[in-house]
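Pasting entry_20.cif here (mmCIF, C-alpha atoms):
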data_coords
#
loop_
_atom_site.label_atom_id
_atom_site.label_comp_id
_atom_site.auth_asym_id
_atom_site.auth_seq_id
_atom_site.Cartn_x
_atom_site.Cartn_y
_atom_site.Cartn_z
CA MET K 71 -7.61 0.34 -54.03
CA GLU K 72 -5.53 -0.94 -51.16
CA ASN K 73 -6.01 0.88 -47.87
CA ILE K 74 -2.54 2.26 -47.08
CA ILE K 75 -3.41 2.69 -43.39
CA ARG K 76 -4.50 -0.95 -43.13
CA SER K 77 -1.29 -2.08 -44.86
CA LEU K 78 0.87 -0.05 -42.48
CA TYR K 79 -0.99 -1.48 -39.51
CA ASP K 80 -0.73 -5.09 -40.70
CA ASP K 81 2.96 -4.74 -41.63
CA GLY K 82 3.71 -3.14 -38.25
CA ILE K 83 2.00 -5.94 -36.33
CA GLU K 84 3.86 -8.53 -38.42
CA TYR K 85 7.24 -6.87 -37.73
CA ILE K 86 6.55 -6.56 -33.98
CA GLU K 87 5.37 -10.15 -33.61
CA GLU K 88 8.27 -11.51 -35.64
CA THR K 89 10.81 -9.50 -33.61
CA VAL K 90 9.37 -10.67 -30.30
CA ARG K 91 8.98 -14.29 -31.46
CA GLU K 92 12.71 -14.57 -32.13
CA MET K 93 13.64 -13.55 -28.56
CA SER K 94 14.17 -15.81 -25.58
CA LEU K 95 12.24 -14.82 -22.45
CA TYR K 96 15.37 -13.32 -20.88
CA ALA K 97 16.32 -11.39 -24.02
CA ARG K 98 12.74 -10.12 -24.20
CA GLN K 99 12.93 -8.94 -20.59
CA ILE K 100 16.15 -7.00 -21.21
CA PHE K 101 14.85 -5.53 -24.47
CA PHE K 102 11.67 -4.35 -22.75
CA VAL K 103 13.65 -2.61 -19.99
CA ASN K 104 15.89 -0.93 -22.56
CA CYS K 105 12.82 0.30 -24.48
CA MET K 106 11.51 1.76 -21.22
CA LYS K 107 14.83 3.54 -20.75
CA ILE K 108 14.34 5.20 -24.15
CA ILE K 109 10.90 6.42 -23.05
CA ASP K 110 12.27 7.78 -19.76
CA LYS K 111 15.21 9.41 -21.53
CA SER K 112 12.81 11.08 -23.97
CA TYR K 113 10.88 12.45 -20.98
CA TYR K 114 14.19 13.71 -19.54
CA ASP K 115 14.92 15.50 -22.83
CA TYR K 116 11.40 16.94 -22.93
CA VAL K 117 11.63 18.33 -19.38
CA MET K 118 15.29 19.26 -19.03
CA LEU K 119 16.21 20.33 -22.57
CA LYS K 120 12.87 21.96 -23.55
CA SER K 121 13.32 20.57 -27.07
CA ASP K 122 10.31 20.68 -29.42
CA GLU K 123 11.63 17.63 -31.28
CA SER K 124 12.00 15.68 -28.02
CA ALA K 125 8.53 16.77 -26.89
CA LYS K 126 6.96 15.57 -30.17
CA PHE K 127 8.75 12.20 -29.95
CA PHE K 128 7.80 11.77 -26.29
CA PHE K 129 4.10 12.59 -26.70
CA GLU K 130 3.70 10.36 -29.76
CA ILE K 131 5.53 7.45 -28.09
CA LEU K 132 3.46 7.80 -24.90
CA ARG K 133 0.12 8.10 -26.68
CA TYR K 134 0.50 5.58 -29.47
CA ALA K 135 3.55 3.35 -28.87
CA TYR K 136 3.39 2.61 -25.14
CA PRO K 137 0.08 0.67 -25.17
CA VAL K 138 1.36 -1.43 -28.10
CA LEU K 139 4.69 -1.98 -26.31
CA ILE K 140 2.92 -3.35 -23.24
CA LYS K 141 0.51 -5.46 -25.28
CA TYR K 142 3.13 -7.16 -27.47
CA LEU K 143 6.48 -7.01 -25.63
CA TRP K 144 5.63 -7.13 -21.91
CA THR K 145 4.47 -10.58 -20.80
CA LYS K 146 3.13 -12.18 -17.65
CA ASP K 147 5.94 -14.70 -18.00
CA PHE K 148 8.35 -12.04 -16.71
CA GLU K 149 6.88 -12.75 -13.27
CA SER K 150 8.33 -16.28 -13.41
CA ILE K 151 11.90 -14.98 -13.79
CA VAL K 152 13.83 -14.95 -10.51
CA ALA K 153 15.50 -11.57 -11.05
CA MET K 154 16.27 -8.84 -13.57
CA PRO K 155 19.89 -8.81 -14.85
CA LEU K 156 21.73 -5.57 -15.48
CA ALA K 157 20.32 -4.24 -18.75
CA HIS K 158 23.13 -2.39 -20.48
CA ALA K 159 22.27 -0.49 -23.64
CA ASP K 160 24.94 0.53 -26.15
CA ALA K 161 24.41 2.70 -29.23
CA ASN K 162 23.31 -0.25 -31.37
CA GLU K 163 20.79 -1.44 -28.77
CA ILE K 164 19.39 2.07 -28.38
CA TYR K 165 18.92 2.30 -32.16
CA ARG K 166 17.21 -1.10 -32.17
CA CYS K 167 14.88 -0.02 -29.37
CA ARG K 168 13.99 3.24 -31.10
CA VAL K 169 13.15 1.37 -34.32
CA PHE K 170 10.91 -0.99 -32.34
CA LEU K 171 9.22 1.90 -30.51
CA CYS K 172 8.62 3.74 -33.79
CA SER K 173 7.05 0.57 -35.17
CA CYS K 174 4.80 0.44 -32.10
CA LYS K 175 3.93 4.09 -32.70
CA VAL K 176 2.93 3.39 -36.32
CA VAL K 177 0.72 0.49 -35.17
CA GLY K 178 -0.85 2.71 -32.49
CA GLN K 179 -1.49 5.60 -34.89
CA THR K 180 -2.86 3.50 -37.74
CA GLY K 181 -4.94 1.37 -35.37
CA TYR K 182 -6.48 4.56 -33.95
CA ALA K 183 -7.26 5.83 -37.47
CA LEU K 184 -8.87 2.50 -38.44
CA ASP K 185 -11.04 2.57 -35.32
CA MET K 186 -12.08 6.14 -36.14
CA GLU K 187 -13.11 4.94 -39.60
CA LYS K 188 -14.95 1.92 -38.19
CA TYR K 189 -17.16 4.09 -35.97
CA GLY K 190 -17.90 6.68 -38.62
CA TYR K 191 -15.72 9.59 -37.50
CA VAL K 192 -13.39 9.65 -40.51
CA SER K 193 -13.13 8.28 -44.04
CA ILE K 194 -9.88 6.83 -45.35
CA ASP K 195 -9.14 6.88 -49.08
CA SER K 196 -6.01 5.99 -51.04
CA LYS K 197 -5.10 7.62 -54.33
CA ASN K 198 -1.78 7.70 -56.20
CA ASN K 199 0.06 6.24 -53.21
CA THR K 200 -1.33 9.01 -51.04
CA CYS K 201 -3.63 8.42 -48.08
CA ILE K 202 -6.39 10.94 -47.39
CA ILE K 203 -8.07 10.92 -43.97
CA LYS K 204 -11.14 13.14 -43.82
CA TYR K 205 -13.24 13.99 -40.77
CA LEU K 206 -16.93 13.32 -41.38
CA HIS K 207 -18.43 15.37 -38.54
CA ASN K 208 -18.77 19.15 -38.69
CA ASN K 209 -17.57 19.68 -35.13
CA TRP K 210 -14.60 17.30 -35.17
CA TRP K 211 -12.40 20.01 -33.66
CA VAL K 212 -14.41 20.24 -30.40
CA GLU K 213 -12.30 17.69 -28.51
CA TYR K 214 -9.11 19.43 -29.64
CA SER K 215 -10.53 22.75 -28.45
CA GLU K 216 -11.52 21.25 -25.09
CA ALA K 217 -8.06 19.69 -24.71
CA LYS K 218 -6.46 23.09 -25.27
CA CYS K 219 -8.89 24.65 -22.79
CA THR K 220 -7.99 21.99 -20.21
CA ASP K 221 -4.28 22.65 -20.78
CA PHE K 222 -4.91 26.39 -20.36
CA ASN K 223 -6.77 25.90 -17.06
CA GLU K 224 -4.13 23.49 -15.77
CA ASN K 225 -1.36 25.93 -16.66
CA LEU K 226 -3.33 28.75 -15.04
CA ILE K 227 -3.59 26.76 -11.80
CA TYR K 228 0.11 25.97 -12.04
CA SER K 229 1.03 29.65 -12.49
CA LEU K 230 -1.12 30.62 -9.49
CA ILE K 231 0.53 27.92 -7.38
CA GLN K 232 3.91 29.47 -8.20
CA LEU K 233 2.78 32.60 -6.33
CA ASP K 234 2.26 30.63 -3.12
CA ASP K 235 4.87 31.50 -0.48
CA ARG K 236 5.48 27.80 0.23
CA VAL K 237 6.32 27.16 -3.42
CA LYS K 238 8.55 30.24 -3.54
CA THR K 239 10.38 28.88 -0.50
CA LEU K 240 10.96 25.56 -2.29
CA GLN K 241 12.23 27.35 -5.38
CA ALA K 242 14.66 29.35 -3.26
CA GLN K 243 15.94 26.11 -1.70
CA TRP K 244 16.74 24.43 -5.02
CA PRO K 245 20.32 25.77 -5.49
CA MET K 246 21.25 24.52 -2.01
CA ILE K 247 19.53 21.17 -2.56
CA GLN K 248 21.33 20.78 -5.87
CA GLU K 249 24.71 21.35 -4.24
CA GLU K 250 23.81 18.90 -1.48
CA MET K 251 22.98 16.30 -4.14
CA ARG K 252 26.05 16.78 -6.29
CA PRO K 253 28.55 14.70 -4.25
CA LEU K 254 25.99 11.98 -3.48
CA CYS K 255 25.67 10.54 -7.02
CA PHE K 256 28.32 8.33 -8.58
CA VAL K 257 29.07 6.07 -11.53
CA TRP K 258 28.17 2.48 -10.70
CA LEU K 259 29.78 -0.44 -12.57
CA LYS K 260 31.20 1.99 -15.15
CA GLU K 261 27.89 2.59 -16.93
CA PHE K 262 25.06 2.98 -14.42
CA MET K 263 24.12 5.49 -11.73
CA GLY K 264 24.07 5.14 -7.99
CA TYR K 265 23.25 7.73 -5.36
CA THR K 266 22.51 8.20 -1.69
CA SER K 267 20.16 10.76 -0.22
CA THR K 268 19.44 12.78 2.91
CA ALA K 269 16.28 13.58 4.85
CA ASN K 270 16.55 17.15 3.58
CA ILE K 271 16.63 16.03 -0.06
CA GLU K 272 13.77 13.57 0.45
CA LYS K 273 11.61 16.26 2.05
CA TYR K 274 12.35 18.72 -0.74
CA PHE K 275 11.28 16.37 -3.52
CA GLY K 276 8.31 15.11 -1.53
CA ASP K 277 7.04 18.67 -1.08
CA THR K 278 7.75 19.51 -4.73
CA ALA K 279 5.81 16.45 -5.89
CA TYR K 280 2.83 17.47 -3.76
CA TYR K 281 2.61 20.97 -5.25
CA ASP K 282 3.19 19.65 -8.77
CA ALA K 283 0.36 17.14 -8.29
CA ILE K 284 -2.21 19.71 -7.17
CA HIS K 285 -2.59 21.25 -10.63
CA SER K 286 -3.16 17.86 -12.28
CA THR K 287 -6.63 17.60 -13.84
CA GLU K 288 -7.02 14.06 -12.46
CA TRP K 289 -6.08 15.04 -8.91
CA ASN K 290 -9.52 15.34 -7.29
CA TYR K 291 -11.51 12.83 -9.33
CA PHE K 292 -12.97 11.46 -6.09
CA LEU K 293 -13.26 12.59 -2.49
CA GLU K 294 -10.17 11.54 -0.54
CA GLN K 295 -12.30 9.46 1.83
CA SER K 296 -13.87 7.46 -1.03
CA LYS K 297 -13.06 3.78 -0.56
CA PHE K 298 -11.64 1.24 -3.00
CA ASP K 299 -11.39 -2.26 -1.54
CA GLY K 300 -11.78 -0.57 1.85
CA ILE K 301 -8.80 1.77 1.28
CA ALA K 302 -9.26 5.55 1.15
CA TYR K 303 -8.68 7.16 -2.26
CA GLY K 304 -6.37 9.61 -0.50
CA SER K 305 -3.96 6.76 0.28
CA PHE K 306 -3.67 5.88 -3.41
CA ILE K 307 -3.13 9.56 -4.24
CA SER K 308 -0.43 9.90 -1.60
CA ALA K 309 1.36 6.80 -2.89
CA ILE K 310 1.46 8.32 -6.37
CA ILE K 311 2.88 11.56 -4.94
CA ASP K 312 5.58 9.58 -3.11
CA LEU K 313 6.55 7.83 -6.37
CA SER K 314 6.58 11.20 -8.18
CA GLY K 315 8.97 12.58 -5.59
CA TYR K 316 11.32 9.61 -5.97
CA ALA K 317 11.21 9.94 -9.77
CA ALA K 318 11.91 13.69 -9.67
CA LYS K 319 14.88 13.03 -7.41
CA HIS K 320 16.16 10.36 -9.81
CA ILE K 321 15.88 12.54 -12.89
CA HIS K 322 17.80 15.39 -11.21
CA PHE K 323 20.52 13.05 -9.99
CA ALA K 324 20.79 11.79 -13.60
CA GLY K 325 21.21 15.36 -14.81
CA LEU K 326 23.96 16.06 -12.29
CA LEU K 327 25.85 12.85 -13.09
CA GLN K 328 25.51 13.37 -16.85
CA SER K 329 26.94 16.88 -16.55
CA SER K 330 30.05 15.62 -14.74
CA HIS K 331 30.37 12.42 -16.84
CA PRO K 332 29.29 13.27 -20.42
CA GLU K 333 30.86 10.02 -21.65
CA LEU K 334 28.05 8.02 -20.04
CA ILE K 335 25.17 6.78 -22.18
CA ALA K 336 22.29 8.72 -20.66
CA GLU K 337 19.71 5.96 -21.24
CA ASN K 338 21.55 3.67 -18.81
CA LEU K 339 21.03 6.21 -16.02
CA PHE K 340 17.33 5.35 -16.09
CA TYR K 341 17.81 1.76 -15.00
CA ASN K 342 15.79 1.98 -11.79
CA ILE K 343 14.83 -1.45 -10.38
CA LYS K 344 13.10 -1.76 -6.99
CA MET K 345 12.41 -4.83 -4.86
CA GLU K 346 8.76 -5.62 -4.19
CA ASP K 347 9.26 -6.05 -0.43
CA ASP K 348 11.01 -2.67 -0.23
CA ILE K 349 8.17 -0.91 -2.04
CA ILE K 350 5.53 -2.53 0.17
CA GLN K 351 7.44 -1.60 3.31
CA LEU K 352 7.83 1.98 2.09
CA ILE K 353 4.09 2.26 1.37
CA GLN K 354 3.32 0.83 4.81
CA GLU K 355 5.59 3.34 6.53
CA ASN K 356 4.47 6.36 4.51
CA ARG K 357 0.76 5.56 4.54
CA ARG K 358 0.65 3.86 7.97
CA CYS K 359 -1.35 0.98 6.58
CA SER K 360 -1.29 -2.81 6.81
CA LYS K 361 0.83 -4.99 4.55
CA LYS K 362 -2.30 -6.23 2.77
CA GLN K 363 -3.42 -2.65 2.07
CA ALA K 364 0.08 -1.75 0.85
CA GLN K 365 -0.07 -4.69 -1.56
CA VAL K 366 -3.40 -3.48 -2.94
CA ILE K 367 -2.01 0.04 -3.40
CA LEU K 368 1.10 -1.33 -5.15
CA SER K 369 -0.99 -3.45 -7.51
CA SER K 370 -3.09 -0.37 -8.37
CA VAL K 371 -0.16 1.87 -9.30
CA SER K 372 1.73 -0.72 -11.35
CA ILE K 373 1.44 -3.02 -14.34
CA SER K 374 1.43 -6.71 -13.50
CA SER K 375 -0.44 -9.85 -14.48
CA ASP K 376 -3.40 -8.43 -12.52
CA ASN K 377 -4.12 -5.56 -14.89
CA SER K 378 -1.97 -5.72 -18.03
CA GLU K 379 -5.18 -6.19 -20.08
CA LEU K 380 -5.79 -2.48 -19.56
CA TYR K 381 -3.71 -1.81 -22.65
CA ASN K 382 -5.96 -3.98 -24.81
CA LEU K 383 -8.73 -1.43 -24.27
CA GLY K 384 -7.22 1.87 -25.39
CA GLN K 385 -4.64 4.57 -24.89
CA VAL K 386 -4.11 4.12 -21.16
CA SER K 387 -1.41 6.32 -19.62
CA CYS K 388 2.09 5.14 -18.74
CA ALA K 389 2.35 3.31 -15.39
CA PRO K 390 4.62 4.48 -12.54
CA LEU K 391 5.80 0.89 -11.90
CA VAL K 392 6.05 -2.22 -14.09
CA LYS K 393 6.55 -5.69 -12.64
CA ILE K 394 9.62 -7.05 -14.39
CA SER K 395 10.44 -10.26 -12.49
CA ARG K 396 9.10 -12.40 -9.66
CA ASN K 397 9.93 -9.82 -6.97
CA GLN K 398 11.12 -6.72 -8.84
CA TYR K 399 9.56 -3.62 -10.38
CA LEU K 400 10.93 -1.11 -12.84
CA GLN K 401 10.10 2.46 -11.83
CA SER K 402 9.43 4.62 -14.86
CA VAL K 403 10.28 8.30 -14.59
CA ALA K 404 7.78 9.09 -17.35
CA GLY K 405 5.05 7.01 -15.71
CA SER K 406 5.68 8.58 -12.30
CA LEU K 407 5.72 12.19 -13.49
CA PHE K 408 3.52 12.39 -16.61
CA HIS K 409 -0.17 12.03 -15.65
CA PRO K 410 0.33 9.20 -13.13
CA PHE K 411 -3.13 9.83 -11.65
CA SER K 412 -4.63 9.02 -15.04
CA PHE K 413 -3.11 5.53 -14.90
CA LEU K 414 -4.30 5.14 -11.31
CA LEU K 415 -7.90 5.94 -12.29
CA SER K 416 -7.82 3.45 -15.18
CA SER K 417 -6.38 0.82 -12.87
CA LEU K 418 -8.92 1.41 -10.10
CA GLN K 419 -11.80 1.24 -12.57
CA GLN K 420 -10.53 -2.09 -13.91
CA LYS K 421 -9.74 -3.64 -10.51
CA PHE K 422 -12.71 -2.34 -8.50
CA PRO K 423 -15.58 -1.57 -10.93
CA ASN K 424 -18.31 -1.65 -8.26
CA ASP K 425 -16.42 0.70 -5.93
CA PHE K 426 -15.63 2.95 -8.89
CA SER K 427 -19.30 3.24 -9.92
CA ARG K 428 -20.45 3.88 -6.34
CA ASN K 429 -17.87 6.61 -5.82
CA ILE K 430 -18.82 8.25 -9.12
CA ASN K 431 -22.40 8.54 -7.88
CA ASN K 432 -21.14 10.19 -4.68
CA ARG K 433 -19.32 12.92 -6.61
CA GLU K 434 -22.47 14.93 -7.31
CA SER K 435 -22.54 16.60 -3.89
CA MET K 436 -18.88 17.60 -4.19
CA PHE K 437 -19.44 19.01 -7.68
CA ARG K 438 -22.52 20.95 -6.46
CA GLU K 439 -20.59 22.47 -3.55
CA GLU K 440 -17.76 23.56 -5.85
CA LEU K 441 -20.30 25.14 -8.24
CA TYR K 442 -21.98 27.09 -5.44
CA GLU K 443 -18.63 28.40 -4.21
CA THR K 444 -18.34 30.41 -7.44
CA VAL K 445 -21.43 32.59 -6.85
CA GLY K 446 -22.00 35.53 -4.50
CA ALA K 447 -24.34 36.18 -1.58
CA GLU K 448 -27.04 37.65 -3.82
CA PHE K 449 -27.87 34.13 -4.99
CA THR K 450 -29.75 31.36 -3.20
CA CYS K 451 -28.29 27.90 -3.80
CA ILE K 452 -30.44 24.78 -3.37
CA ASP K 453 -28.30 22.36 -1.37
CA HIS K 454 -29.86 19.16 -2.78
CA ASN K 455 -31.05 17.75 -6.06
CA ILE K 456 -34.62 18.47 -7.18
CA VAL K 457 -36.89 15.59 -8.19
CA VAL K 458 -38.97 16.24 -11.33
CA LYS K 459 -42.31 14.39 -11.59
CA TYR K 460 -44.85 14.08 -14.41
CA ASP K 461 -48.32 12.65 -13.79
CA GLY K 462 -47.15 11.66 -10.32
CA LYS K 463 -44.18 9.68 -11.61
CA VAL K 464 -40.49 10.56 -11.19
CA VAL K 465 -39.02 11.26 -14.66
CA THR K 466 -35.66 12.84 -13.81
CA ASP K 467 -33.96 15.20 -11.38
CA ILE K 468 -32.15 18.54 -11.44
CA ASP K 469 -28.69 18.26 -9.90
CA ALA K 470 -28.30 21.90 -8.87
CA ALA K 471 -30.30 25.15 -8.90
CA ILE K 472 -29.34 28.75 -8.22
CA VAL K 473 -31.90 31.53 -7.66
CA ASP K 474 -31.09 35.20 -8.29
CA LYS K 475 -32.71 37.05 -5.36
CA ASN K 476 -32.80 40.36 -7.22
CA ASN K 477 -34.72 39.43 -10.39
CA GLY K 478 -36.11 36.01 -9.50
CA GLU K 479 -34.37 34.16 -12.33
CA ILE K 480 -33.45 30.51 -11.77
CA ALA K 481 -30.49 28.66 -13.27
CA LEU K 482 -30.85 24.87 -13.53
CA PHE K 483 -27.83 22.59 -13.82
CA GLN K 484 -27.26 19.00 -14.84
CA LEU K 485 -23.82 18.15 -13.48
CA LYS K 486 -21.58 16.00 -15.67
CA TRP K 487 -18.06 15.08 -14.63
CA GLN K 488 -15.41 15.05 -17.34
CA ASN K 489 -14.40 11.44 -17.95
CA GLN K 490 -10.90 10.54 -19.03
CA THR K 491 -10.27 10.55 -22.77
CA VAL K 492 -7.59 7.83 -22.50
CA ASP K 493 -9.95 5.19 -23.75
CA SER K 494 -10.68 3.17 -26.87
CA VAL K 495 -12.56 4.79 -29.75
CA ARG K 496 -15.22 2.11 -29.28
CA SER K 497 -15.75 3.06 -25.64
CA LEU K 498 -15.75 6.80 -26.36
CA HIS K 499 -18.27 6.24 -29.17
CA SER K 500 -20.57 4.31 -26.83
CA LYS K 501 -20.27 6.99 -24.14
CA ALA K 502 -21.05 9.72 -26.67
CA LEU K 503 -24.23 7.96 -27.80
CA ASN K 504 -25.36 7.44 -24.20
CA TYR K 505 -24.55 11.04 -23.28
CA GLU K 506 -26.56 12.38 -26.23
CA LYS K 507 -29.54 10.16 -25.40
CA GLU K 508 -29.50 11.04 -21.69
CA THR K 509 -29.11 14.78 -22.36
CA ILE K 510 -32.04 14.92 -24.79
CA TYR K 511 -34.22 12.97 -22.33
CA TRP K 512 -33.28 15.33 -19.46
CA VAL K 513 -34.03 18.50 -21.46
CA GLU K 514 -37.35 17.15 -22.70
CA SER K 515 -38.34 16.04 -19.17
CA VAL K 516 -37.52 19.44 -17.64
CA GLU K 517 -39.31 21.34 -20.43
CA ARG K 518 -42.52 19.41 -19.75
#
Represent the structure of the file as structure tokens.
Amino acid sequence: MENIIRSLYDDGIEYIEETVREMSLYARQIFFVNCMKIIDKSYYDYVMLKSDESAKFFFEILRYAYPVLIKYLWTKDFESIVAMPLAHADANEIYRCRVFLCSCKVVGQTGYALDMEKYGYVSIDSKNNTCIIKYLHNNWWVEYSEAKCTDFNENLIYSLIQLDDRVKTLQAQWPMIQEEMRPLCFVWLKEFMGYTSTANIEKYFGDTAYYDAIHSTEWNYFLEQSKFDGIAYGSFISAIIDLSGYAAKHIHFAGLLQSSHPELIAENLFYNIKMEDDIIQLIQENRRCSKKQAQVILSSVSISSDNSELYNLGQVSCAPLVKISRNQYLQSVAGSLFHPFSFLLSSLQQKFPNDFSRNINNRESMFREELYETVGAEFTCIDHNIVVKYDGKVVTDIDAAIVDKNNGEIALFQLKWQNQTVDSVRSLHSKALNYEKETIYWVESVER
């Protein structure tokens, strides 16, 4: 019987390719920007309106539709266009964009299911026009459980941060900041948003972005002094925080303007184009780095012809910036505020694989120190890894060891860093096989 999932996937690809094929390059550019506005508006609804329906739409679009959108609608040819025209979206265009995004979502979801079937995680059967997807592994729920545990820990960190006096001070400042912002935003060309800012407002959103970033699970993936192309990881992190602050400012200005001008189409308030030279100069000033280093940082926090292939590999997170013409970038609110460090890590791994691997190997000492910080003075912690030999030959090592002084018991640890799960099923499958093989070998070597 026909595989319904395969049919949905093939029909979705056909619709997307046919829709894009009929567009001129300039029409495609405008349509892409308007689709990005829908994504940013859905993030606005998710954050500001606390709507379950908006949250569901946003998460599904980000996880499944966005990679397909970049793969099929964004094109390197955008970089040959001199500039981005004003991309106005009326009700009909918004509907057209939502239909296209939902088609991308269907392709992303069905493609994911087909990959799961290919690598033996699920079976897909069709009966009486009904599709049945069945997990084949007994512990298929483990990743879901770990995701919920990660969310719990992240929310716990966030709630503890809220108790910090510095955060309480920021929260107390918000009503005054909001009133300072109110007269600074205005309707531009009847349909768009413009605003000016002050040093006070910039500092507020910069500080807010910093404290919001701390509880991110991707925040401390590497030591801040780790180098990528000779640039400290901390500089990339700080650039992301700067972009997050600008995006938070933009989304709050949009809320203020929408409240005073409800007749405006909210999606058009998320038209946020930045000049490449301005971004580079801003990175130079904020990070006190050279122009060449600023260019490397910009290329690592944005989608361009350098790294667009990322979205051929799996469910990579939304990017803070997307190159949309020869010298212009679109700043995405969703990409700047929703797991932007995740995109950065994917980008760094793709652009600088040797640096990425070297820095991964250097994480062990940091992980060991953090582990030892959790135990009391009654324990002795071995401050280096322990080499394990058999018949005079090195077979493995023990990453960390803790000795209980009172009863003489020893705890041995093999330290494994949690990799990102925004990856293709193929890659995750390969990593799982390698992890299982390495773990069994380590246990057997230690037991000898």
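The residues returned by the PyMOL selection byres ((chain K and resi 496) around 9) for this structure are Asp185, Met186, Lys188, Tyr189, Leu383, Gly384, Asp493, Ser494, Val495, Ser497, Leu498, His499, Ser500 and Lys501 of chain K.
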What does the distance from CA of Lys260 in chain K to CA of Ile343 in chain K come to in Å, to one decimal?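 Separating CA of Lys260 in chain K from CA of Ile343 in chain K is a distance of 17.4 Å.
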What does the structure give for the distance between CA of Ser515 in chain K and CA of Gln484 in chain K, in Å to one decimal?
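Going from CA of Ser515 in chain K over to CA of Gln484 in chain K covers 12.3 Å.
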(message) Please expand the PyMOL selection byres ((chain K and resi 251) around 9) into the concrete residues it hits in this file, giving the result as a VMD selection string.
(response) chain K and resid 246 to 250 252 to 255 265 to 268 271 322 to 323 326
**Request:** Could you state which residues are captured by the PyMOL selection byres ((chain K and resi 128) around 10) in this file, as a PyMOL selection string?
**Result:** chain K and resi 108-116+122-127+129-133+135+404
### Message
If I take CA of Ile203 in chain K and CA of Tyr191 in chain K, how far is one from the other in Å, to one decimal?
### Response
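CA of Tyr191 in chain K lies at a distance of 10.1 Å from CA of Ile203 in chain K.
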With only C-alpha atoms as the counted atoms, please give the residues lying no more than 12 Å from Pro332 in chain K, apart from itself and same-chain residues fewer than 6 positions off, as a PyMOL selection string. chain K and resi 257+261+324-326+339
From the list K:Leu485, K:Val457, K:Tyr341, K:Glu508, the nearest residue to Arg433 in chain K using only C-alpha atoms is K:Leu485
Ref. answer, residues at most 12 Å from (17.2, 1.8, -30.9) with all atoms listed in the file, as a PyMOL selection string = chain K and resi 101-102+104-109+159-173+337
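The closest residue to Ala318 in chain K, picked from K:Ser378, K:Gln363, K:Ser402, K:Gln351 and counting only C-alpha atoms, is K:Ser402.
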- Give me the residues within 7 Å of Met345 in chain K as a count of residues only, counting all atoms listed in the file and dropping any in the same chain fewer than 5 places off. 3
Counting all atoms listed in the file, what is within 9 Å of Cys201 in chain K, bar same-chain residues fewer than 6 positions away, as an MDAnalysis selection string? chainID K and resid 73:75 194:195
With 6 Å on each side, where is the centre of the axis-aligned box around all listed atoms of range 238-243 of chain K, and how long are its edges in Å to one decimal, as lines of an AutoDock Vina configuration file?
center_x = 12.2
center_y = 27.9
center_z = -2.9
size_x = 19.4
size_y = 16.7
size_z = 16.9
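Residue nearest Cys359 in chain K, chosen from K:Glu84, K:Ala309, K:Ile373, K:Ser417 and counting all atoms listed in the file: K:Ala309.
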Which residues come within 12 Å of Val513 in chain K, counting all atoms listed in the file, excluding same-chain residues fewer than 6 positions away, as a list in words?
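In the requested form, the answer reads Val458, Val465, Thr466, Asp467, Ile468, Leu482, Phe483, Gln484, Glu506 and Lys507 of chain K.
Nearest residue to Arg428 in chain K, choosing from K:Lys361, K:Lys204, K:Arg396, K:Lys297 and counting only C-alpha atoms: K:Lys297.
The residue that comes closest to Phe256 in chain K, out of K:Asn342, K:Ser372, K:Gln328, K:Asn424 and on the basis of all atoms listed in the file, is K:Gln328.
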Show me, as a list in words, the residues that have an atom within 12 Å of Arg76 in chain K when counting only C-alpha atoms, minus same-chain residues fewer than 4 positions from it.
Met71, Glu72, Asp80, Asp81, Gly82, Ile83, Val176, Val177, Gly178, Gln179, Thr180, Gly181, Tyr182, Ala183, Leu184, Asp185, Glu187, Lys188, Ile194, Asp195, Ser196 and Cys201 of chain K
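In terms of minimum interatomic distance to Gly446 in chain K, K:Ile472 ranks closest within K:Gln420, K:Ile472, K:Tyr142, K:Leu400, counting all atoms listed in the file.
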Starting from the incomplete input, reconstruct N, CA and C atoms of range 88-95 of chain K and report them as a PDB file, in the coordinates of the input.
ATOM      1  N   GLU K  88       7.103 -10.751 -35.193  1.00  0.00           N
ATOM      2  CA  GLU K  88       8.270 -11.510 -35.640  1.00  0.00           C
ATOM      3  C   GLU K  88       9.493 -11.190 -34.786  1.00  0.00           C
ATOM      4  N   THR K  89       9.671  -9.904 -34.458  1.00  0.00           N
ATOM      5  CA  THR K  89      10.810  -9.500 -33.610  1.00  0.00           C
ATOM      6  C   THR K  89      10.725 -10.137 -32.243  1.00  0.00           C
ATOM      7  N   VAL K  90       9.543 -10.116 -31.640  1.00  0.00           N
ATOM      8  CA  VAL K  90       9.370 -10.670 -30.300  1.00  0.00           C
ATOM      9  C   VAL K  90       9.482 -12.196 -30.324  1.00  0.00           C
ATOM     10  N   ARG K  91       8.981 -12.819 -31.369  1.00  0.00           N
ATOM     11  CA  ARG K  91       8.980 -14.290 -31.460  1.00  0.00           C
ATOM     12  C   ARG K  91      10.400 -14.846 -31.477  1.00  0.00           C
ATOM     13  N   GLU K  92      11.336 -14.093 -32.021  1.00  0.00           N
ATOM     14  CA  GLU K  92      12.710 -14.570 -32.130  1.00  0.00           C
ATOM     15  C   GLU K  92      13.499 -14.441 -30.833  1.00  0.00           C
ATOM     16  N   MET K  93      12.932 -13.786 -29.822  1.00  0.00           N
ATOM     17  CA  MET K  93      13.640 -13.550 -28.560  1.00  0.00           C
ATOM     18  C   MET K  93      13.376 -14.665 -27.549  1.00  0.00           C
ATOM     19  N   SER K  94      14.399 -14.984 -26.757  1.00  0.00           N
ATOM     20  CA  SER K  94      14.170 -15.810 -25.580  1.00  0.00           C
ATOM     21  C   SER K  94      13.465 -14.955 -24.532  1.00  0.00           C
ATOM     22  N   LEU K  95      12.935 -15.569 -23.495  1.00  0.00           N
ATOM     23  CA  LEU K  95      12.240 -14.820 -22.450  1.00  0.00           C
ATOM     24  C   LEU K  95      13.167 -13.812 -21.788  1.00  0.00           C
TER      25      LEU K  95
END
